Structures are given as C-alpha cells and as structure tokens.
$ cat upload.txt   # compact mmCIF, C-alpha atoms
# COMPACT_ATOMS: atom_id res chain seq x y z
CA MET A 14 -1.97 13.05 16.76
CA THR A 15 0.38 10.74 14.86
CA HIS A 16 2.70 12.32 12.33
CA PHE A 17 4.49 10.68 9.43
CA ALA A 18 7.07 12.34 7.22
CA ILE A 19 8.65 10.83 4.12
CA VAL A 20 11.71 12.28 2.43
CA GLY A 21 11.42 12.25 -1.37
CA HIS A 22 14.99 12.73 -2.53
CA THR A 23 14.17 13.14 -6.18
CA ALA A 24 10.55 14.35 -5.99
CA ARG A 25 9.76 17.40 -8.10
CA THR A 26 9.15 20.66 -6.28
CA ASP A 27 6.96 22.17 -8.99
CA GLY A 28 3.83 20.87 -10.64
CA ALA A 29 5.58 19.91 -13.87
CA PHE A 30 4.94 16.19 -13.69
CA SER A 31 2.36 13.96 -15.31
CA LEU A 32 -0.27 12.14 -13.29
CA ASN A 33 0.12 9.40 -15.92
CA ASP A 34 3.80 8.94 -15.11
CA LEU A 35 4.44 9.63 -11.44
CA PRO A 36 7.54 7.43 -11.08
CA SER A 37 9.58 9.03 -13.84
CA SER A 38 8.23 12.54 -14.43
CA GLY A 39 7.48 13.03 -10.72
CA GLY A 40 10.83 11.77 -9.43
CA ARG A 41 9.25 8.79 -7.67
CA MET A 42 6.27 10.87 -6.59
CA ASP A 43 4.38 7.52 -6.64
CA ILE A 44 6.18 6.42 -3.47
CA LEU A 45 5.18 9.55 -1.59
CA CYS A 46 1.56 9.22 -2.76
CA ARG A 47 1.36 5.64 -1.52
CA CYS A 48 2.78 6.77 1.82
CA VAL A 49 0.13 9.51 2.13
CA ASN A 50 -2.62 6.98 1.52
CA ALA A 51 -1.10 4.32 3.79
CA SER A 52 -0.97 6.95 6.54
CA LEU A 53 -4.50 8.26 6.18
CA PHE A 54 -6.83 5.55 4.90
CA LEU A 55 -8.92 3.12 6.82
CA SER A 56 -11.58 1.14 5.01
CA HIS A 57 -14.34 3.57 4.02
CA THR A 58 -12.95 6.39 6.20
CA LEU A 59 -9.82 8.34 7.07
CA ARG A 60 -7.60 8.37 10.12
CA ARG A 61 -8.58 11.79 11.47
CA ASP A 62 -5.75 11.76 14.02
CA VAL A 63 -2.91 11.39 11.51
CA GLU A 64 -0.89 13.94 9.56
CA CYS A 65 1.46 13.00 6.74
CA SER A 66 4.12 15.32 5.35
CA VAL A 67 6.07 14.66 2.18
CA VAL A 68 9.42 16.41 1.87
CA LEU A 69 10.27 17.16 -1.74
CA LEU A 70 13.96 17.57 -2.51
CA GLY A 71 14.06 17.16 -6.28
CA PRO A 72 14.25 19.64 -9.15
CA PRO A 73 13.79 22.50 -9.73
CA GLY A 74 13.95 23.49 -6.04
CA PRO A 75 13.82 25.04 -3.54
CA GLN A 76 12.83 22.24 -1.15
CA LYS A 77 9.15 22.12 -0.22
CA THR A 78 7.00 20.26 2.27
CA VAL A 79 3.41 19.26 1.54
CA LYS A 80 1.34 18.23 4.55
CA PHE A 81 -1.90 16.21 4.47
CA SER A 82 -4.05 16.54 7.57
CA GLY A 83 -6.41 13.62 8.18
CA ASP A 84 -8.87 15.72 10.14
CA SER A 85 -9.61 18.16 7.35
CA VAL A 86 -8.51 16.68 4.00
CA ARG A 87 -11.20 16.34 1.35
CA SER A 88 -11.26 14.88 -2.17
CA LEU A 89 -8.68 12.24 -1.31
CA ASN A 90 -9.26 8.83 -2.84
CA PRO A 91 -7.28 5.61 -2.34
CA ASP A 92 -5.71 5.45 -5.81
CA GLU A 93 -2.22 6.90 -6.33
CA ARG A 94 -3.34 9.61 -8.72
CA SER A 95 -5.60 11.19 -6.14
CA PRO A 96 -2.95 12.39 -3.64
CA ALA A 97 -0.70 13.14 -6.64
CA ALA A 98 -3.27 15.57 -8.01
CA LEU A 99 -3.46 17.30 -4.62
CA VAL A 100 0.36 17.52 -4.41
CA LYS A 101 0.47 18.95 -7.93
CA LYS A 102 -2.13 21.56 -7.01
CA ALA A 103 -0.11 22.47 -3.90
CA LEU A 104 3.11 22.83 -5.86
CA VAL A 105 1.74 25.30 -8.40
CA LEU A 106 0.63 27.62 -5.59
CA PRO A 107 3.16 30.32 -4.69
CA CYS A 108 4.25 29.77 -1.10
CA GLY A 109 6.65 31.09 1.50
CA SER A 110 8.14 29.57 4.60
CA GLU A 111 4.81 29.17 6.43
CA PHE A 112 2.20 26.55 5.54
CA ARG A 113 -0.45 27.75 3.12
CA GLU A 114 -3.59 25.67 2.46
CA SER A 115 -3.77 24.63 -1.19
CA SER A 116 -6.84 22.35 -0.92
CA ALA A 117 -8.94 21.39 2.07
CA GLY A 118 -6.53 19.77 4.53
CA VAL A 119 -3.47 20.06 2.26
CA PHE A 120 -0.74 22.60 3.05
CA VAL A 121 2.49 23.63 1.36
CA ARG A 122 5.56 25.61 2.39
CA LYS A 123 9.17 26.05 1.42
CA GLY A 124 11.65 24.16 3.56
CA GLY A 125 12.47 20.55 4.28
CA LEU A 126 13.74 18.15 6.88
CA ALA A 127 15.63 20.51 9.19
CA ARG A 128 12.52 22.56 9.86
CA LEU A 129 10.34 19.49 10.44
CA LEU A 130 12.82 18.14 12.97
CA GLN A 131 12.38 21.30 15.05
CA GLU A 132 8.63 20.74 15.16
CA HIS A 133 8.25 17.05 15.99
CA ALA A 134 10.23 14.54 18.05
CA PHE A 135 10.71 12.11 15.18
CA CYS A 136 11.95 8.59 15.35
CA VAL A 137 13.26 6.95 12.21
CA LEU A 138 11.73 3.77 10.79
CA GLU A 139 14.58 1.70 9.35
CA GLU A 140 15.81 -1.86 9.24
CA GLN A 141 18.49 -1.51 11.91
CA GLY A 142 16.13 -0.06 14.52
CA ARG A 143 14.61 -1.63 17.60
CA ASP A 144 11.60 -3.89 17.06
CA ILE A 145 8.42 -1.82 17.48
CA ARG A 146 6.72 -4.75 19.23
CA LYS A 147 9.44 -4.75 21.89
CA ALA A 148 9.20 -1.02 22.61
CA GLU A 149 7.40 -0.21 25.85
CA THR A 150 6.17 3.07 24.38
CA LEU A 151 6.27 4.38 20.84
CA PRO A 152 6.68 8.01 19.82
CA ASP A 153 4.04 9.85 17.80
CA ALA A 154 6.20 11.07 14.90
CA PHE A 155 7.82 8.74 12.39
CA LEU A 156 10.26 9.60 9.64
CA LEU A 157 10.99 7.44 6.59
CA SER A 158 13.02 7.71 3.43
CA ASP A 159 11.82 6.92 -0.08
CA HIS A 160 13.66 4.43 -2.31
CA MET A 161 17.03 6.00 -1.43
CA ASN A 162 18.95 5.91 1.83
CA PHE A 163 19.21 9.07 3.89
CA SER A 164 22.18 11.18 2.74
CA ALA A 165 25.18 11.78 4.99
CA ASP A 166 23.89 15.28 5.75
CA GLU A 167 20.48 13.90 6.67
CA GLU A 168 22.01 11.17 8.80
CA ALA A 169 23.86 13.87 10.71
CA LEU A 170 20.58 15.68 11.38
CA LEU A 171 19.00 12.41 12.52
CA SER A 172 21.83 11.14 14.71
CA ASP A 173 19.90 11.74 17.94
CA CYS A 174 16.59 10.28 16.73
CA PRO A 175 15.56 6.87 18.07
CA LYS A 176 15.45 4.15 15.42
CA PHE A 177 12.72 1.56 15.14
CA SER A 178 12.18 -1.41 12.85
CA VAL A 179 8.82 -2.88 11.86
CA GLY A 180 10.13 -6.37 11.10
CA PRO A 181 12.86 -8.58 9.66
CA ALA A 182 12.09 -7.91 5.98
CA VAL A 183 13.13 -4.70 4.24
CA LEU A 184 9.86 -3.11 3.14
CA HIS A 185 8.75 -0.23 1.01
CA ALA A 186 8.04 2.92 3.02
CA GLU A 187 4.26 2.64 2.63
CA ALA A 188 4.32 -0.94 3.93
CA ALA A 189 6.36 0.13 6.97
CA ILE A 190 3.75 2.81 7.72
CA THR A 191 0.96 0.23 7.47
CA VAL A 192 2.70 -2.16 9.88
CA LEU A 193 3.49 0.63 12.33
CA LEU A 194 -0.13 1.83 12.33
CA ASN A 195 -1.28 -1.73 13.00
CA GLU A 196 0.93 -1.80 16.10
CA LEU A 197 -0.47 1.56 17.26
CA ASP A 198 -4.05 0.38 16.58
CA ARG A 199 -3.44 -2.76 18.62
CA ARG A 200 -2.00 -0.83 21.55
CA ALA A 201 -4.86 1.68 21.50
CA ALA A 202 -7.44 -1.15 21.45
CA GLY A 203 -5.71 -3.29 24.06
CA TRP A 204 -5.04 -6.07 21.55
CA SER A 205 -1.34 -6.24 22.54
CA MET B 22 4.52 -20.82 -1.21
CA THR B 23 2.07 -18.24 0.14
CA HIS B 24 -1.00 -17.52 -1.94
CA PHE B 25 -3.25 -14.47 -1.85
CA ALA B 26 -6.50 -14.08 -3.74
CA ILE B 27 -8.62 -10.93 -3.92
CA VAL B 28 -12.17 -10.89 -5.23
CA GLY B 29 -12.86 -7.86 -7.42
CA HIS B 30 -16.64 -7.71 -7.54
CA THR B 31 -16.84 -4.98 -10.16
CA ALA B 32 -13.48 -5.42 -11.92
CA ARG B 33 -13.67 -5.54 -15.70
CA THR B 34 -13.03 -8.85 -17.39
CA ASP B 35 -11.82 -7.39 -20.68
CA GLY B 36 -9.08 -4.89 -21.39
CA ALA B 37 -11.46 -1.99 -22.02
CA PHE B 38 -10.33 0.20 -19.17
CA SER B 39 -7.98 3.15 -19.02
CA LEU B 40 -4.69 3.03 -17.13
CA ASN B 41 -5.39 6.70 -16.38
CA ASP B 42 -8.66 5.87 -14.61
CA LEU B 43 -8.42 2.50 -12.90
CA PRO B 44 -11.03 3.17 -10.17
CA SER B 45 -13.88 4.09 -12.47
CA SER B 46 -13.19 2.59 -15.89
CA GLY B 47 -11.58 -0.53 -14.37
CA GLY B 48 -14.30 -1.19 -11.79
CA ARG B 49 -11.93 -0.54 -8.85
CA MET B 50 -9.08 -2.28 -10.63
CA ASP B 51 -6.86 0.05 -8.55
CA ILE B 52 -7.63 -1.98 -5.42
CA LEU B 53 -6.59 -5.24 -7.05
CA CYS B 54 -3.39 -3.66 -8.38
CA ARG B 55 -2.41 -2.43 -4.93
CA CYS B 56 -3.06 -5.91 -3.56
CA VAL B 57 -0.80 -7.49 -6.20
CA ASN B 58 2.00 -5.11 -5.28
CA ALA B 59 1.47 -5.46 -1.52
CA SER B 60 1.71 -9.24 -1.98
CA LEU B 61 4.84 -9.30 -4.10
CA PHE B 62 7.08 -6.35 -3.31
CA LEU B 63 9.90 -6.10 -0.86
CA SER B 64 12.23 -3.13 -1.02
CA HIS B 65 14.30 -3.50 -4.21
CA THR B 66 13.18 -7.08 -4.80
CA LEU B 67 10.15 -9.37 -5.03
CA ARG B 68 8.79 -12.05 -2.76
CA ARG B 69 9.65 -15.07 -4.92
CA ASP B 70 7.59 -17.42 -2.72
CA VAL B 71 4.28 -15.59 -3.12
CA GLU B 72 1.52 -15.88 -5.71
CA CYS B 73 -1.33 -13.40 -5.95
CA SER B 74 -4.54 -14.07 -7.87
CA VAL B 75 -7.13 -11.44 -8.68
CA VAL B 76 -10.64 -12.68 -9.35
CA LEU B 77 -12.50 -10.43 -11.79
CA LEU B 78 -16.27 -10.54 -11.59
CA GLY B 79 -17.28 -7.34 -13.37
CA PRO B 80 -18.50 -6.65 -16.91
CA PRO B 81 -18.60 -7.87 -19.59
CA GLY B 82 -17.91 -11.38 -18.22
CA PRO B 83 -17.36 -14.26 -18.04
CA GLN B 84 -15.44 -14.30 -14.76
CA LYS B 85 -11.68 -14.48 -15.07
CA THR B 86 -8.73 -15.03 -12.76
CA VAL B 87 -5.33 -13.39 -13.31
CA LYS B 88 -2.44 -14.85 -11.33
CA PHE B 89 0.90 -13.14 -10.63
CA SER B 90 3.70 -15.50 -9.67
CA GLY B 91 6.49 -13.89 -7.66
CA ASP B 92 9.07 -16.39 -8.82
CA SER B 93 8.75 -15.60 -12.51
CA VAL B 94 7.04 -12.22 -12.97
CA ARG B 95 8.98 -9.59 -14.91
CA SER B 96 8.34 -5.93 -15.77
CA LEU B 97 6.41 -5.33 -12.56
CA ASN B 98 7.02 -1.97 -10.89
CA PRO B 99 5.66 -0.65 -7.60
CA ASP B 100 3.28 1.95 -9.03
CA GLU B 101 -0.38 1.02 -9.57
CA ARG B 102 -0.26 1.40 -13.33
CA SER B 103 2.36 -1.32 -13.68
CA PRO B 104 0.30 -4.33 -12.51
CA ALA B 105 -2.72 -2.73 -14.21
CA ALA B 106 -0.92 -2.81 -17.57
CA LEU B 107 -0.10 -6.49 -17.05
CA VAL B 108 -3.73 -7.29 -16.13
CA LYS B 109 -4.93 -5.42 -19.20
CA LYS B 110 -2.53 -7.39 -21.39
CA ALA B 111 -3.78 -10.63 -19.82
CA LEU B 112 -7.42 -9.73 -20.39
CA VAL B 113 -7.07 -9.09 -24.11
CA LEU B 114 -5.58 -12.55 -24.62
CA PRO B 115 -8.13 -15.23 -25.57
CA CYS B 116 -8.17 -17.84 -22.83
CA GLY B 117 -9.98 -20.98 -21.77
CA SER B 118 -10.42 -22.67 -18.44
CA GLU B 119 -6.71 -23.45 -17.96
CA PHE B 120 -4.09 -20.82 -17.07
CA ARG B 121 -2.33 -19.31 -20.05
CA GLU B 122 0.77 -17.13 -19.61
CA SER B 123 0.15 -13.61 -20.92
CA SER B 124 3.43 -12.05 -19.76
CA ALA B 125 6.36 -13.54 -17.85
CA GLY B 126 4.88 -14.77 -14.57
CA VAL B 127 1.33 -13.56 -15.30
CA PHE B 128 -1.41 -16.08 -16.13
CA VAL B 129 -5.06 -15.79 -17.08
CA ARG B 130 -8.00 -18.20 -17.25
CA LYS B 131 -11.77 -18.17 -17.22
CA GLY B 132 -13.35 -18.99 -13.86
CA GLY B 133 -13.46 -17.47 -10.44
CA LEU B 134 -13.72 -18.21 -6.76
CA ALA B 135 -15.27 -21.68 -6.81
CA ARG B 136 -12.36 -23.06 -8.83
CA LEU B 137 -9.72 -21.38 -6.65
CA LEU B 138 -11.29 -22.86 -3.52
CA GLN B 139 -10.74 -26.34 -4.94
CA GLU B 140 -7.05 -25.63 -5.40
CA HIS B 141 -5.99 -23.96 -2.14
CA ALA B 142 -7.04 -24.30 1.50
CA PHE B 143 -7.92 -20.63 1.89
CA CYS B 144 -8.60 -18.80 5.08
CA VAL B 145 -10.46 -15.49 4.91
CA LEU B 146 -8.95 -12.25 6.20
CA GLU B 147 -11.77 -10.23 7.72
CA GLU B 148 -12.52 -8.12 10.78
CA GLN B 149 -14.45 -10.76 12.69
CA GLY B 150 -11.72 -13.38 12.43
CA ARG B 151 -9.26 -14.65 15.01
CA ASP B 152 -6.24 -12.46 15.69
CA ILE B 153 -3.35 -13.64 13.51
CA ARG B 154 -0.89 -13.00 16.35
CA LYS B 155 -2.80 -15.43 18.56
CA ALA B 156 -2.86 -18.24 15.99
CA GLU B 157 -0.43 -21.03 16.73
CA THR B 158 -0.04 -21.72 13.04
CA LEU B 159 -1.21 -19.77 10.02
CA PRO B 160 -2.33 -21.24 6.70
CA ASP B 161 -0.56 -20.44 3.45
CA ALA B 162 -3.53 -19.21 1.40
CA PHE B 163 -5.43 -16.03 2.22
CA LEU B 164 -8.59 -14.70 0.60
CA LEU B 165 -9.80 -11.10 0.74
CA SER B 166 -12.59 -9.05 -0.73
CA ASP B 167 -12.23 -5.67 -2.41
CA HIS B 168 -14.26 -2.63 -1.27
CA MET B 169 -17.45 -4.72 -1.13
CA ASN B 170 -18.43 -7.47 1.27
CA PHE B 171 -18.57 -11.04 0.04
CA SER B 172 -21.96 -11.80 -1.49
CA ALA B 173 -24.33 -14.31 0.09
CA ASP B 174 -23.37 -16.88 -2.55
CA GLU B 175 -19.68 -16.30 -1.83
CA GLU B 176 -20.26 -16.51 1.92
CA ALA B 177 -21.89 -19.89 1.37
CA LEU B 178 -18.81 -21.09 -0.52
CA LEU B 179 -16.58 -19.79 2.29
CA SER B 180 -18.56 -21.10 5.24
CA ASP B 181 -15.97 -23.74 6.11
CA CYS B 182 -12.91 -21.49 5.72
CA PRO B 183 -11.15 -20.33 8.89
CA LYS B 184 -11.37 -16.57 9.47
CA PHE B 185 -8.48 -14.42 10.64
CA SER B 186 -8.18 -10.75 11.52
CA VAL B 187 -5.03 -8.65 11.24
CA GLY B 188 -6.04 -6.10 13.89
CA PRO B 189 -8.74 -3.97 15.50
CA ALA B 190 -9.02 -1.40 12.69
CA VAL B 191 -10.88 -2.14 9.46
CA LEU B 192 -8.24 -1.83 6.75
CA HIS B 193 -8.08 -1.77 2.99
CA ALA B 194 -7.29 -5.17 1.49
CA GLU B 195 -3.73 -4.22 0.52
CA ALA B 196 -3.00 -3.06 4.08
CA ALA B 197 -4.31 -6.34 5.50
CA ILE B 198 -1.96 -8.22 3.15
CA THR B 199 0.99 -6.11 4.31
CA VAL B 200 0.24 -6.76 7.99
CA LEU B 201 -0.25 -10.48 7.39
CA LEU B 202 3.06 -10.75 5.54
CA ASN B 203 4.79 -8.95 8.41
CA GLU B 204 3.47 -11.61 10.78
CA LEU B 205 4.68 -14.39 8.45
CA ASP B 206 8.09 -12.68 8.08
CA ARG B 207 8.43 -12.45 11.86
CA ARG B 208 7.55 -16.09 12.38
CA ALA B 209 9.97 -17.21 9.67
CA ALA B 210 12.76 -15.13 11.20
CA GLY B 211 11.98 -16.05 14.81
CA TRP B 212 11.18 -12.45 15.74
CA SER B 213 7.84 -12.78 17.44
$ encode --input "upload.txt" --output "structure tokens"
Amino acid sequence: MTHFAIVGHTARTDGAFSLNDLPSSGGRMDILCRCVNASLFLSHTLRRDVECSVVLLGPPGPQKTVKFSGDSVRSLNPDERSPAALVKKALVLPCGSEFRESSAGVFVRKGGLARLLQEHAFCVLEEQGRDIRKAETLPDAFLLSDHMNFSADEEALLSDCPKFSVGPAVLHAEAAITVLLNELDRRAAGWS
Amino acid sequence: MTHFAIVGHTARTDGAFSLNDLPSSGGRMDILCRCVNASLFLSHTLRRDVECSVVLLGPPGPQKTVKFSGDSVRSLNPDERSPAALVKKALVLPCGSEFRESSAGVFVRKGGLARLLQEHAFCVLEEQGRDIRKAETLPDAFLLSDHMNFSADEEALLSDCPKFSVGPAVLHAEAAITVLLNELDRRAAGWS
C-alpha cells in the first residue's frame, strides 16, 4: 500500500465552500483535489493499492483529515469537482478523532499532521531532497505541502523524515505525485 | 520550444458548455484543460518555452484548434476552470483558418490534426511506444489522445510518427505530459 498525504494550510474544515470556486472559497481546495486524483487515477481505472489523505488546516477548524482509499472509493471521477464534492460531503458529517466513512472509500476524522506521522513512516517530497531515481529503495508513504511551505512547527515535526526530490524543476504537488508514481510503477515492472 | 497537442474527440467547438460541468457539457473538456495546465505550470510560474494546442473535434463543428503559448499567456490559474474559461472565450470568437488571438497568449483557428502535423514533427505518446528514458534524444513535439483511442483515420495520419511511452502503467494524458516534462527537465539539467 502506498500512502500520500498533502497538507492544505488554508483548506476549509467545513463544507462551506462552493464547488464552482474551489481555489478561493475552498482555501485552495483545488490543489488537494488534484492531488487526490493524481494519486488514485490510472487510465480507465483506479490504483487500488494507494491511499491519499488531505490534511485540512484552514477555517473554521478544528483540523481534519479526509482519507481516500483506492481499494474502496466509488463515485470518483477525474475532474476536480468530483473529489471536491466527496470532501464536502465528508466535512459536513459530524466526526470525532477516529475515521468515519462519509462515502464509499472516503473517511474523515478530526486531527492533522501529528497524528498521521504516528501512523506512517513518511518521507517528504521537496526540492532539496535526494533524487528518487538514485534511491536504492523508496518508502511507501509520501508527504507533500500545498502551495505554501511547511510552517516552522511542521518542519520541527518532520525533521527526522527522509527527503526526496522528483526532479530539478519545482513542481506543483500533484505533478510531484505523478512523477513519483511513475518511478514506483517502473520499479514494480522492472523497467528501471 | 516544446509543443504538446491533445486531440479531444468529443470536445465542443463552440462556447456552449458550462464551466460547472466540463466533462459532460464540454465533451470531456476537463481532460484538455488538465493537459493545458500540466504542460504549462511550474510551481509559482509558467513554462515559458512550452506551447500546448488542444484539437477540438466535437459538436457542432467545424474542427478547431486552441493554442496556449507559455511565453505570453495571462490570467491562467492552476484550477481546471481557468483554462476552460479561456477556451470558451476563444470558441465564441469568429475565426478563420489562421490563428487569431482571443486572450493574451491564447489563439484559435479552424482546422485540426492534419494541419498541425504539417507544422510540427510530432511523436505520439502511447503505451506501446519506446521508453522515453531509453531514447538517446527526444523530439520537441508530442501528441496525445484524450480518453478515446485515435481513430483509424487519425492512425493513418500518424503512421510515420515515432511512438514513445512514459512508463509501464497506462496513464491519463495529463499525467503522461507531466512525466515527459520531468524527463526533459532532467536532461536539460544533467540529472539523468
């Protein structure tokens, strides 16, 4: 199982955003939706062995995490609005500190990055990391930030995580996920 | 200059689609919009040396081509609706067989694949092609299809084009563009 997590520093934690204006009303919810789809979609099918969690740190709080599980998600289409509608549905559901299923394969709970870091041995995908092609082995959990850098508090939490880079250009988070998955696909298929 | 072109077999050729429903009302215009953004966006900037053309073959006709030029496009944001709004604006503008600028860096003309093939030495990105990592040199013009295979007539036009593959998994067109650009970035920077 490969796990991705993306920190949405300004992403709303309730359902009070418009599917017609994800960047502004959703606090850059569009970025997180593209990351969900980059993580899960193959052509005409889904990656059943991938989970993608989006960590929502924006207003009104408290922090929440919404997890998409590739092996059970339904009603997910490749356009941005589709995962956004599933996130919105998750966020209007009352939840506690344990994951609760809001739609098939979509789960929501209170809590953010600190909790996730206890559950998976994340590495961080960022520009200053080691080239993924040069790594003898790659981990199975990858953490990314949205359009903002990790905060000082987050950096402190992440200080022991290995850092990897997908290439010389600074990419959007969803593009980094796509490149990383290509490297994993190649290794799994013996393509080098 | 790197050029991408994506054939949208069902994409509307007028502006009569809703930005709130790109997949259905736009004839999978969402795919083409994601390809435009995958071609042009870096984090916090644009790839100024890339052009991306979308070939629209859907109703009501005639065929049209909308070209985004990374060195002059303005008002383009990373969410799907943003390129869709620029395509819509292009499609409501009367045009002939020569490119006409509909917004800064966005151009529209009548005509489709046959004309484009006269202007660029395209290779085709598809599953059965040669691994891009194994290619000693890569061309600078890349053609992809949307969610449908190329038609028999299109295949005939493309019979002499080299074929390349970005990896063992069958990806959405926008993901293939992202992986290809990563390979070009690495070669330009001496990383691979």
$ closest_atom_pairs --input "upload.txt" --of "chain B" --to "chain A" --cutoff "9 Å" --atoms "all atoms listed in the file" --output "tab-separated table"
residue	atom	partner	partner_atom	distance
B:Leu40	CA	A:Asn33	CA	8.1
B:Asn41	CA	A:Asn33	CA	6.2
B:Asp42	CA	A:Arg94	CA	8.8
B:Leu43	CA	A:Asp92	CA	8.1
B:Pro44	CA	A:Asp92	CA	7.2
B:Asp51	CA	A:Asp92	CA	6.2
B:Ile52	CA	A:Asp92	CA	7.7
B:Arg55	CA	A:Asp92	CA	8.6
B:Ala59	CA	A:Ala188	CA	7.6
B:Phe62	CA	A:His185	CA	7.7
B:Leu63	CA	A:Leu184	CA	5.0
B:Ser64	CA	A:Leu184	CA	4.8
B:His65	CA	A:His160	CA	8.2
B:Pro99	CA	A:Ile44	CA	8.2
B:Asp100	CA	A:Asp43	CA	6.2
B:Glu101	CA	A:Glu93	CA	7.0
B:Arg102	CA	A:Asn33	CA	8.4
B:Asp152	CA	A:Trp204	CA	8.8
B:His168	CA	A:Ser56	CA	7.8
B:Val187	CA	A:Asn195	CA	8.1
B:Gly188	CA	A:Arg199	CA	6.3
B:Pro189	CA	A:Arg199	CA	6.3
B:Ala190	CA	A:Asp198	CA	6.6
B:Val191	CA	A:Ser56	CA	5.6
B:Leu192	CA	A:Ser56	CA	4.8
B:His193	CA	A:Ser56	CA	5.0
B:Ala194	CA	A:Ser56	CA	8.4
B:Ala196	CA	A:Thr191	CA	6.2
B:Ala197	CA	A:Thr191	CA	8.6
B:Thr199	CA	A:Ala188	CA	6.2
B:Val200	CA	A:Val192	CA	5.5
B:Asn203	CA	A:Gly180	CA	6.5
B:Glu204	CA	A:Gly180	CA	8.5
B:Asp206	CA	A:Pro181	CA	6.5
B:Arg207	CA	A:Pro181	CA	6.3
B:Ala210	CA	A:Pro181	CA	6.7
B:Trp212	CA	A:Pro181	CA	7.4
B:Ser213	CA	A:Arg146	CA	8.3
$ write_last_selection --input "upload.txt" --atoms "C-alpha atoms" --output "compact mmCIF listing (two decimals), in the frame of the given file"
# COMPACT_ATOMS: atom_id res chain seq x y z
CA LEU B 40 -4.69 3.03 -17.13
CA ASN B 41 -5.39 6.70 -16.38
CA ASP B 42 -8.66 5.87 -14.61
CA LEU B 43 -8.42 2.50 -12.90
CA PRO B 44 -11.03 3.17 -10.17
CA ASP B 51 -6.86 0.05 -8.55
CA ILE B 52 -7.63 -1.98 -5.42
CA ARG B 55 -2.41 -2.43 -4.93
CA ALA B 59 1.47 -5.46 -1.52
CA PHE B 62 7.08 -6.35 -3.31
CA LEU B 63 9.90 -6.10 -0.86
CA SER B 64 12.23 -3.13 -1.02
CA HIS B 65 14.30 -3.50 -4.21
CA PRO B 99 5.66 -0.65 -7.60
CA ASP B 100 3.28 1.95 -9.03
CA GLU B 101 -0.38 1.02 -9.57
CA ARG B 102 -0.26 1.40 -13.33
CA ASP B 152 -6.24 -12.46 15.69
CA HIS B 168 -14.26 -2.63 -1.27
CA VAL B 187 -5.03 -8.65 11.24
CA GLY B 188 -6.04 -6.10 13.89
CA PRO B 189 -8.74 -3.97 15.50
CA ALA B 190 -9.02 -1.40 12.69
CA VAL B 191 -10.88 -2.14 9.46
CA LEU B 192 -8.24 -1.83 6.75
CA HIS B 193 -8.08 -1.77 2.99
CA ALA B 194 -7.29 -5.17 1.49
CA ALA B 196 -3.00 -3.06 4.08
CA ALA B 197 -4.31 -6.34 5.50
CA THR B 199 0.99 -6.11 4.31
CA VAL B 200 0.24 -6.76 7.99
CA ASN B 203 4.79 -8.95 8.41
CA GLU B 204 3.47 -11.61 10.78
CA ASP B 206 8.09 -12.68 8.08
CA ARG B 207 8.43 -12.45 11.86
CA ALA B 210 12.76 -15.13 11.20
CA TRP B 212 11.18 -12.45 15.74
CA SER B 213 7.84 -12.78 17.44
$ closest_residue --input "upload.txt" --among "A:Leu53, A:Leu138, A:Leu151, A:Leu157" --to "Val67 of chain A" --atoms "all atoms listed in the file"
A:Leu157
$ atom_distance --input "upload.txt" --atom1 "atom CA of Gly28 of chain A" --atom2 "atom CA of Lys101 of chain A"
4.7 Å
$ residues_around --input "upload.txt" --residues "Phe155 of chain A" --least-positions-apart "4" --cutoff "6 Å" --atoms "only C-alpha atoms" --output "CSV table (one decimal) with C-alpha atoms, keeping the file's coordinate frame"
chain,number,residue,atom,x,y,z
A,17,PHE,CA,4.5,10.7,9.4
A,135,PHE,CA,10.7,12.1,15.2
A,136,CYS,CA,12.0,8.6,15.4
A,137,VAL,CA,13.3,7.0,12.2
$ residues_around --input "upload.txt" --residues "segment 87-89 of chain A" --least-positions-apart "4" --cutoff "7 Å" --atoms "all atoms listed in the file" --output "JSON, numbers by chain"
{"A": [95, 96, 117, 118]}
$ atom_distance --input "upload.txt" --atom1 "atom CA of Pro107 of chain A" --atom2 "atom CA of Phe30 of chain A"
16.8 Å
$ residues_near_point --input "upload.txt" --point "(-13.3, -19.6, -5.6)" --cutoff "12 Å" --atoms "all atoms listed in the file" --output "ChimeraX atom specification"
/B:25-29,74-78,84-86,131-145,163-166,171,174-179,182
$ atom_distance --input "upload.txt" --atom1 "atom CA of Ala97 of chain A" --atom2 "atom CA of Ser116 of chain A"
12.5 Å
